[in-house]
There are 2 protein chains.
Amino acid sequence: MPAPTMDAVVALCKRRGLIFPASEIYGGIANTYDYGHYGVLLKNNVTALWWRSMIQERDDVVALDSAIIQHPRTWEASGHLAGFTDPLVDCRTCKLRFRADHLAELQCGRKPSKHPGETEECDLTESRAFNLMFETSIGPVKDEASTVYLRPETAQGIFLDFKTTLQYARRRPPFGIAQVGKSFRNEITPGNFIFRTLEFEQMEMEFFVPPAEADEWYEHWMRERFDWYVRLGIDAGHLRLRAHEADELSHYSSATSDVEYLYPIGWSELEGIANRGDYDLTQHAKFSGEKLDWVDPQTGDRYIPYVIEPAAGVGRSMLAFLCDAYDEDEIGGERRTVLRLHPALAPVKVAVLPLLRKAGHPEKARAVYEELRRHMKAEYDDGGAIGRRYRRQDEIGTPFAVTIDHQTIEDDTVTLRDRDTLEQERVPVEGLAQRLLGRLAAD
Amino acid sequence: MPAPTMDAVVALCKRRGLIFPASEIYGGIANTYDYGHYGVLLKNNVTALWWRSMIQERDDVVALDSAIIQHPRTWEASGHLAGFTDPLVDCRTCKLRFRADHLAELQCGRKPSKHPGETEECDLTESRAFNLMFETSIGPVKDEASTVYLRPETAQGIFLDFKTTLQYARRRPPFGIAQVGKSFRNEITPGNFIFRTLEFEQMEMEFFVPPAEADEWYEHWMRERFDWYVRLGIDAGHLRLRAHEADELSHYSSATSDVEYLYPIGWSELEGIANRGDYDLTQHAKFSGEKLDWVDPQTGDRYIPYVIEPAAGVGRSMLAFLCDAYDEDEIGGERRTVLRLHPALAPVKVAVLPLLRKAGHPEKARAVYEELRRHMKAEYDDGGAIGRRYRRQDEIGTPFAVTIDHQTIEDDTVTLRDRDTLEQERVPVEGLAQRLLGRLAAD
């Protein structure tokens, strides 16, 4: 089906409360969004499935949750304090600030109405470096010694804990440390909905390998991460791998490829897979005085592992899943919006709907619902015509609907409706939860 | 069993990498901890079970994930900007700062060795109010207009989104909005491990009710939340409800009770249940100019709902679960540390252990393990004597161990060992996952 517009996706998210601007009653706050009910359910599924792929389905990755505020030396060592900057210019006319590398899109902010007849052009200062890290301070006194930063990436927490993890985790390279958590970047560029936000959740994994195996693992993680999106329902034709050119590479990286998705705004980064080499561990060893190398107990070989990093954004993943699932079609002459989400991602797995609000239907439907919700997120809905209730579930991507009707009262069977095929199957109430669980599995 | 010491619990957490000080390679950072592999698994289980109890097992609560950095007017309206302070005093002798309300514990920081013979007593200034919110700024220029705060509680995000939630969620009072997320408090008091930390994860739910029903719902949520801990394995004798005295109440609360747990540091707050009245919605209505009242479409009644808030900390819950599960006993003359965690909380559900590293045991064990990990977090371990491997699993609270031996090769059965009873049952490999899932269920 043709790709939806960003407006259509944003409107659905707002209408059904998946995602909407934060602090709206106070006029909002730049590039910041809140996630409502179905948005949280979808987000929790995305992160749970990522964890599943990293630490349940394989043996060589362990989990970590490091603090957002780390020791400030972290960012000296990582290079973020000196180098994590955007070049900014000021306009002397309109007093706005712009990114010096985005001047093609520049529009002077002076209101033409106030200065009729004048040409509105910016009068720009020289560009200055502006650090993207949010700064705050610990303790009651603000001074240089207490200045700390909100992490701009979760990765550094993993490097700080590399040695501790080696001590308890009974792992040796090649092995990885995975983390899900919030990062913060003081961005001034437009956000494109949840594509770029001030605070954002990352799913990062640092995979520590013998240097000689770095290329091979880099290939491995590119394939793995590309396939993860395909397994969860994204059309492979809407995904591509793009290797960074030399001049795009970050200071720490010898090779990076992006998994790009064909968003409504065009091909853009969904996830980056980078070969960070031994840059980070070497820097932290230097700044902390700790030995961060690995000594092979069998061979006595000593080396600083290379790091392969697949770094995904939860928001960008959600946006890709939502765009790819978004569809509009017609049923019996009526237009329908439907999210064709993979069942494992769907916020609600099954809706239970009494056909009538009498004749024992609601009581029976409640009983079926209460049994199903022990096993999965279910929703009970008795409001409005049955067609309208189906539409409501289609719009949030619920893969199954169970309808209780007069025949249910007679023979304890229900109709099971499939969101995508629209087929309605008659199945027994007995064993319903197991039947659905079988069709919901992620693998 | 007798309560463990805090030292014993901290030592176990460090030894097995559940929880350890953050930024350790740089000397650490005050009252901040990182969660390692088993700590993350436990933490994810705690929050997933809280979500389950709030939004899967009931119909009247919806989920939210609001931003950490909200519009700064939020904190003017909530009263945090003016009133969320600790009284602090300075010592002119040692230059340290102390809480004016904790002076009984005060020890002057001047090193006696440097001033032999002198009495070390603090020479204190008058007390001043110190705001506990972390401050930062958005955008490239630091000025008053761009000052924002890291939220000190997740609750306010819920109040900001009350109106939006009413619009999409098809709910009416009584109903609740639940949220899990990080909050930040610039505390200078000692932390007692993860009991009080600079950044901490909260599980908060605001339940909006008709004012006349507030007392009844306050009672309801006290019972519910107390019972939640008991259902998840905490000894009811180690829990109590304690109503706040009038002089302990927060400015917004007309009644608050704490669920207290008997931590190694004594009875302390595990969770607070507060009747916040209409304070917050009234304040945000006043500051935003938005109408935040509810109009009953049937009766036309208009009112600002009262709010009952059960507010739990993820860290404090984990600490209570760990302390209550911690046990030491003796098996065959050998001391054992065991975490008697509820199976639903246990980081790893089952360990798969080949008895020998030969005779087909490892291959069969891998096959059993790979089937089990499709359904639950499993661990494969072939390192060391079988008794030692059991001990390792006991220490992290794994409820079941499956051992593959020579008989397995003959008849496809395994021994299933129970962490608590130490019973070893002979069961078929066929149907093993279903058998375990039945014994792991949270209900």
# chains A, B, ... in the order shown; residues from 1 in each chain; ligands from 1
>>> interface_residues(of="chain A", to="chain B", cutoff="7 Å", atoms="only C-alpha atoms", output="VMD selection string")
chain A and resid 15 to 17 22 to 23 25 to 26 28 to 29 32 to 37 40 56 to 57 62 to 67 70 to 71 130 134 to 136 138 to 140 160 168 186 188 288 290 373 to 374 377
>>> residues_around(residues="segment 345-347 of chain A", least_positions_apart="6", cutoff="7 Å", atoms="only C-alpha atoms", output="list in words")
Tyr38, Leu41, Leu42, Asn45, Val46, Gly397 and Thr398 of chain A
>>> atom_distance(atom1="atom CA of Arg99 of chain A", atom2="atom CA of Pro87 of chain A")
5.8 Å
>>> residues_around(residues="Trp221 of chain B", least_positions_apart="6", cutoff="10 Å", atoms="only C-alpha atoms", output="list of chain:residue names")
B:Phe207, B:Asp227, B:Ile273, B:Ala274, B:Ile308, B:Glu309, B:Pro310
>>> residues_around(residues="Leu96 of chain A", least_positions_apart="4", cutoff="12 Å", atoms="only C-alpha atoms", output="list in words")
Leu88, Val89, Asp90, Cys91, Arg92, Leu106, Gln107, Cys108, Gly109, Arg110, Cys122, Asp123, Leu124, Thr125 and Ile188 of chain A; Gly139, Pro140 and Val141 of chain B
>>> write_last_selection(atoms="all heavy atoms", output="tab-separated table (two decimals), in the first residue's frame")
chain	number	residue	atom	x	y	z
A	88	LEU	N	26.44	26.84	15.61
A	88	LEU	CA	25.29	27.73	15.60
A	88	LEU	C	25.68	29.14	15.17
A	88	LEU	O	26.78	29.61	15.48
A	88	LEU	CB	24.66	27.81	16.99
A	88	LEU	CG	24.01	26.55	17.53
A	88	LEU	CD1	23.27	26.88	18.81
A	88	LEU	CD2	23.07	25.92	16.52
A	89	VAL	N	24.76	29.79	14.48
A	89	VAL	CA	24.96	31.21	14.15
A	89	VAL	C	23.76	31.99	14.66
A	89	VAL	O	22.66	31.47	14.79
A	89	VAL	CB	25.09	31.43	12.62
A	89	VAL	CG1	26.35	30.75	12.08
A	89	VAL	CG2	23.86	30.91	11.89
A	90	ASP	N	24.00	33.26	15.00
A	90	ASP	CA	22.92	34.15	15.40
A	90	ASP	C	22.58	35.08	14.24
A	90	ASP	O	23.45	35.43	13.44
A	90	ASP	CB	23.38	35.03	16.58
A	90	ASP	CG	23.56	34.22	17.83
A	90	ASP	OD1	22.59	33.62	18.27
A	90	ASP	OD2	24.70	34.17	18.34
A	91	CYS	N	21.33	35.47	14.17
A	91	CYS	CA	20.93	36.50	13.21
A	91	CYS	C	20.77	37.82	13.95
A	91	CYS	O	20.03	37.89	14.93
A	91	CYS	CB	19.62	36.11	12.52
A	91	CYS	SG	18.87	37.49	11.62
A	92	ARG	N	21.51	38.86	13.50
A	92	ARG	CA	21.46	40.14	14.21
A	92	ARG	C	20.13	40.86	13.96
A	92	ARG	O	19.72	41.72	14.71
A	92	ARG	CB	22.61	41.05	13.76
A	92	ARG	CG	23.99	40.49	14.11
A	92	ARG	CD	25.12	41.51	13.85
A	92	ARG	NE	26.42	40.90	14.06
A	92	ARG	CZ	27.14	40.31	13.11
A	92	ARG	NH1	26.69	40.25	11.86
A	92	ARG	NH2	28.32	39.78	13.40
A	106	LEU	N	17.24	28.18	5.95
A	106	LEU	CA	17.05	29.32	6.83
A	106	LEU	C	15.98	30.30	6.35
A	106	LEU	O	15.90	30.64	5.18
A	106	LEU	CB	18.40	30.03	6.97
A	106	LEU	CG	18.49	31.26	7.86
A	106	LEU	CD1	19.92	31.36	8.41
A	106	LEU	CD2	18.16	32.52	7.10
A	107	GLN	N	15.16	30.73	7.28
A	107	GLN	CA	14.19	31.79	6.99
A	107	GLN	C	14.29	32.83	8.09
A	107	GLN	O	14.20	32.50	9.28
A	107	GLN	CB	12.77	31.22	7.01
A	107	GLN	CG	12.38	30.54	5.71
A	107	GLN	CD	10.88	30.47	5.59
A	107	GLN	OE1	10.22	29.92	6.45
A	107	GLN	NE2	10.35	31.06	4.53
A	108	CYS	N	14.45	34.06	7.70
A	108	CYS	CA	14.60	35.11	8.72
A	108	CYS	C	13.29	35.22	9.50
A	108	CYS	O	12.21	35.15	8.95
A	108	CYS	CB	14.95	36.44	8.08
A	108	CYS	SG	15.34	37.70	9.33
A	109	GLY	N	13.43	35.37	10.83
A	109	GLY	CA	12.25	35.36	11.68
A	109	GLY	C	11.60	36.73	11.83
A	109	GLY	O	10.59	36.86	12.52
A	110	ARG	N	12.18	37.79	11.18
A	110	ARG	CA	11.57	39.11	11.34
A	110	ARG	C	10.24	39.15	10.60
A	110	ARG	O	10.13	38.71	9.46
A	110	ARG	CB	12.51	40.20	10.81
A	110	ARG	CG	11.89	41.58	11.01
A	110	ARG	CD	12.91	42.61	11.28
A	110	ARG	NE	13.61	42.96	10.04
A	110	ARG	CZ	14.17	44.16	9.85
A	110	ARG	NH1	14.12	45.10	10.80
A	110	ARG	NH2	14.81	44.42	8.74
A	122	CYS	N	18.69	37.40	6.79
A	122	CYS	CA	19.41	37.32	8.04
A	122	CYS	C	20.78	37.97	7.91
A	122	CYS	O	21.44	37.89	6.87
A	122	CYS	CB	19.57	35.86	8.46
A	122	CYS	SG	18.18	35.29	9.42
A	123	ASP	N	21.19	38.59	9.00
A	123	ASP	CA	22.52	39.16	9.10
A	123	ASP	C	23.24	38.29	10.14
A	123	ASP	O	23.02	38.45	11.35
A	123	ASP	CB	22.39	40.62	9.57
A	123	ASP	CG	23.74	41.23	9.90
A	123	ASP	OD1	24.77	40.67	9.48
A	123	ASP	OD2	23.73	42.26	10.60
A	124	LEU	N	24.05	37.35	9.66
A	124	LEU	CA	24.53	36.27	10.53
A	124	LEU	C	25.89	36.54	11.17
A	124	LEU	O	26.78	37.12	10.55
A	124	LEU	CB	24.62	34.96	9.74
A	124	LEU	CG	23.30	34.46	9.16
A	124	LEU	CD1	23.54	33.23	8.29
A	124	LEU	CD2	22.31	34.14	10.28
A	125	THR	N	26.03	36.10	12.41
A	125	THR	CA	27.32	36.14	13.10
A	125	THR	C	28.16	34.96	12.63
A	125	THR	O	27.69	34.09	11.91
A	125	THR	CB	27.13	36.00	14.62
A	125	THR	OG1	26.54	34.72	14.86
A	125	THR	CG2	26.24	37.09	15.18
A	188	ILE	N	18.27	21.87	18.63
A	188	ILE	CA	17.42	23.00	18.23
A	188	ILE	C	16.81	22.79	16.85
A	188	ILE	O	16.05	23.60	16.35
A	188	ILE	CB	18.15	24.36	18.28
A	188	ILE	CG1	19.28	24.40	17.24
A	188	ILE	CG2	18.67	24.66	19.66
A	188	ILE	CD1	19.56	25.83	16.79
B	139	GLY	N	17.79	24.88	24.98
B	139	GLY	CA	18.22	25.84	23.95
B	139	GLY	C	19.63	26.29	24.22
B	139	GLY	O	20.21	26.00	25.26
B	140	PRO	N	20.20	27.01	23.26
B	140	PRO	CA	21.62	27.34	23.35
B	140	PRO	C	21.95	28.45	24.34
B	140	PRO	O	23.09	28.60	24.73
B	140	PRO	CB	21.98	27.76	21.92
B	140	PRO	CG	20.69	28.13	21.27
B	140	PRO	CD	19.59	27.42	21.99
B	141	VAL	N	20.98	29.22	24.77
B	141	VAL	CA	21.27	30.34	25.67
B	141	VAL	C	20.72	30.05	27.06
B	141	VAL	O	19.58	29.64	27.20
B	141	VAL	CB	20.60	31.64	25.18
B	141	VAL	CG1	21.14	32.83	25.96
B	141	VAL	CG2	20.83	31.81	23.70
>>> residues_around(residues="Glu395 of chain B", least_positions_apart="2", cutoff="8 Å", atoms="only C-alpha atoms", output="ChimeraX atom specification")
/B:336-339,391-393,397-398
>>> select_by_dssp(residues="segment 2-239 of chain B", states="alpha helix (DSSP H)", output="PyMOL selection string")
chain B and resi 6-15+37-51+73-78+80-83+155-160+162-169+214-231
>>> atom_distance(atom1="atom CA of Cys13 of chain B", atom2="atom CA of Pro264 of chain B")
15.0 Å
>>> residues_around(residues="Arg419 of chain A", least_positions_apart="6", cutoff="7 Å", atoms="only C-alpha atoms", output="JSON, numbers by chain")
{"A": [394, 398, 399, 400]}
>>> closest_residue(among="B:Val429, B:Ile396, B:Ala8, B:Ile409", to="Arg340 of chain B", atoms="only C-alpha atoms")
B:Ile396
>>> select_by_dssp(residues="segment 121-343 of chain A", states="strand (DSSP E)", output="count of residues only")
81
>>> residues_around(residues="Arg172 of chain B", least_positions_apart="2", cutoff="10 Å", atoms="only C-alpha atoms", output="ChimeraX atom specification")
/B:60,166,169-170,174-176,208-210,294-297
>>> atom_distance(atom1="atom CA of Asp258 of chain B", atom2="atom CA of Gly272 of chain B")
4.3 Å
